[in-house]
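**Q** My questions will all concern the structure given below.
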Amino acid sequence: MADVRDAGDVVSGRPPAGPAGRVNGRLHGKEKRMRLHLVAAATAVLALAAAAPAAPASEPPTSIGGGGAAATVDRLATQAATDTLRRGGNATDAAVTAAAVLGVTEPFSCGIGGGGFMVSYDARAREVTTNDHRERAPRAMRPDAFFENGAALASNAARYSGLSVGVPGTVRGWARELRAHGTISLAEALAPAIRVARRGFVIDATFAAQTQENLDYFDDVPATAELFLDPDGTPRDVGTVFRNPDLAHTYELIAQRGARAFYRGPIADTIVQTVQSPPVAATANHVFRPGVMDARDLRTYTAPWRPPVHSTYRGVDVFGMGPPSSGGSTVAEALNILEGYDLGALSRADALHLQLEATRLAFADRGEFVADPDFHDVPLAGLISKDFAATRRALIGETAAASPVAPGDPSAFEDGAGNRAGEASATSTRVGTTTHITVADKRGDVVSYTFTIESTGGSGLVVPGYGFLLNNELTDFNFDSTTHPNRVEGGKRPRSSMAPTIALRDGRPWLGIGSPGGSTIITTVLGILVERIDRGSTLPAAIAAPRASQRNTATTVAEPAFSESPEAAALAARGHQFSPALMASGAREIGAATGIEFLTRHGLLAAAEPVRRGGGSALVVRPDR
Ligand code: GLU
């Protein structure tokens with residue numbers, strides 16, 4: 001993840017833009033003050049980066065300027081996006097181009113074996129659209145698909161299997177977006193990624209750590225081992241060049257024949273084969289259970305447009321992703337709860353108490369009510385209504401509530417089914433992977449795009465000969481229940497937490513943000529909005545701020561910088577308990593956000609993580625000098 005950097009003579013990329021501190025003398029008043037804050041934030045961030053071995057030495061996590069902007073976890077992807085913008089492409093063109101590169105450089109987080117949600121603002125039409133290319137369960141799947149002998153499979157047995165693989169949506173989503181909003185062809189969008197896949201890039205510590213955490217399963221699958229492991233069965237070495245000619249070839253087939261090359265014919269057939277009979281070595285020390293996907297599941301896959309979730313927060317219009325993602329509605333509900341307080345006038349600890357309580361309550365509702373709207377009647381208007389939020393706000397006291405708290409609509413419990421929202425579900429506490437791209441173009445179009453293969457390393461199954469990992473998205477169902485609204489069903493999409501977000505102010509684009517991190521995505525996006533809107537933090541400072549995530553569980557997951565802060569001590573006195581965030585890779589961090597802000601007077605500010613996941617990359621087409 002992150003900072004898989006250009007291999008120099010291997011892939012030639014332009015040097016990154018100058019450091020964030022180089023600001024422009026043409027600025028006035030508030031903007032100038034803001035940029036001075038940025039200098040301070042960037043300096044602090046660089047100091048932090050210097051202390052953390054995973055941090056890149058020279059990558060600026062913030063850029064300011066004009067002509068368009070992009071932010072991702074990876075410089076090659078961000079660069080591909082800004083190159084596309086520089087050549088006259090729009091935000092959709094640049095987002096798909098960057099996504100295709102990330103499919104090469106971030107193969108454990110995202111790619112054509114997975115799915116995602118794209119939220120786009122079209123400046124000319126003044127319209128927000130959202131595309132759902134979430135993976136879908138094969139038609140033949142039943143609610144007890146993950147049960148054996150009356151009990152649900154353990155999480156790794158469910159995950160590393162053909163069973164967990166949903167019909168991938170990414171290619172269909174890219175094609176639909178480009179056709180609807182783009183100016184370039186899918187072939188043009190794939191070209192930079194094909195180059196990176198062929199020429200290679202240098203493996204960094206994050207990439208190696210992500211391989212390492214999957215080693216015991218990757219080495220069971222010859223196609224996966226061949227791609228990601230050295231012949232001695234260890235991860236490929238940091239500093240060596242990684243190439244993926246099979247993926248380059250797969251992209252070329254798609255470039256030549258369009259999305260249909262993926263959904264029918266040899267690629268589709270090999271996906272089906274891989275899912276139905278996972279190609280595992282005789283020496284494997286794990287069982288990879290077979291799935292039931294067939295050619296028709298791929299052929300009939302659709303990537304529908306969904307209505308965006310629209311809410312307001314202190315006069316800002318916030319647009320997010322609706323069901324099957326719970327991202328948009330849960331961010332909106334928590335914002336609505338918080339709108340009843342003047343957070344900016346409170347101490348930081350008091351405001352954080354309210355924020356943690358708001359997400360505790362909103363997660364109870366998310367858990368109970370949000371699932372694929374094609375299968376379950378989601379009370380979306382109620383979830384995001386101000387009046388409903390007022391009833392939830394009334395429950396917040398001076399001290400932390402004891403989780404699980406109940407959801408807001410008691411009638412939802414009437415059937416007495418076993419899976420109430422407060423119960424820890426298979427997906428309630430996991431901190432996952434995924435990646436987020438934010439792009440804006442010179443016309444004011446914005447794309448906020450989160451896409452994933454679910455866990456870091458997905459199902460562990462590389463499609464032989466085609467160079468990409470299949471997702472394990474179906475473990476995002478409440479697969480341990482046959483009655484929950486988010487239970488497994490044939491043709492259904494599992495509930496997501498992805499929360500690609502676009503905010504407008506005074507009817508104009510203002511912010512695009514998003515993050516990976518499983519269900520912590522929601523609390524990360526909310527936290528960035530609150531930091532930026534209520535605390536007046538700059539976007540880079542809002543992204544860099546220490547994170548905690550309360551998702552209706554007894555303890556609040558927190559980064560060390562949060563749990564060691566004076567605010568955490570004050571929160572502990574109010575009954576909050578913190579537990580460490582822990583990625584499988586050993587990193588104790590939450591999310592890896594990117595964002596873009598349209599500055600008040602002119603220009604764009606692109607921001608990525610300074611430290612998390614090794615630091616991201618944010619560039620503008622014409623940097624201010
Ligand atoms: N599968 C997760 C979701 O859709 C995203 C993956 C992650 O970040 O863990 O909510």
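The chains in the structure tokens are called A, B, ... from first to last as shown; in each chain the residues are counted from 1, and the ligands are counted from 1 in the order shown.
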Could the residues that lie within 9 Å of ligand 1, counting only C-alpha atoms and all ligand atoms, be listed as a ChimeraX atom specification?

**A** /A:109,115-116,134,325-327,427,430-435,450-456,472-476,494-499,515-521,591

**Q** When you look at Val287 (chain A) with a cut-off of 9 Å (counting only C-alpha atoms), what residues show up, excluding the ones that are within fewer than 4 positions of it in the same chain? I need them as a PyMOL selection string.

**A** chain A and resi 157+160-161+280

**Q** Show which residues sit within 12 Å of Val292 (chain A), as a ChimeraX atom specification. Count only C-alpha atoms, and ignore same-chain residues fewer than 5 positions away.

**A** /A:137-142,145-146,161-167,271-278,297-298,490-491

**Q** Counting only C-alpha atoms, which of A:Val101, A:Ala158, A:Met583, A:Ala334 gets nearest to Phe388 (chain A)?

**A**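 Of the candidates, the smallest distance to Phe388 (chain A) is held by A:Ala334.
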
**Q** May I ask which of the residues A:Thr62, A:Arg198, A:Thr240, A:Leu470 is the closest one to Ala223 (chain A), counting only C-alpha atoms?

**A** A:Leu470
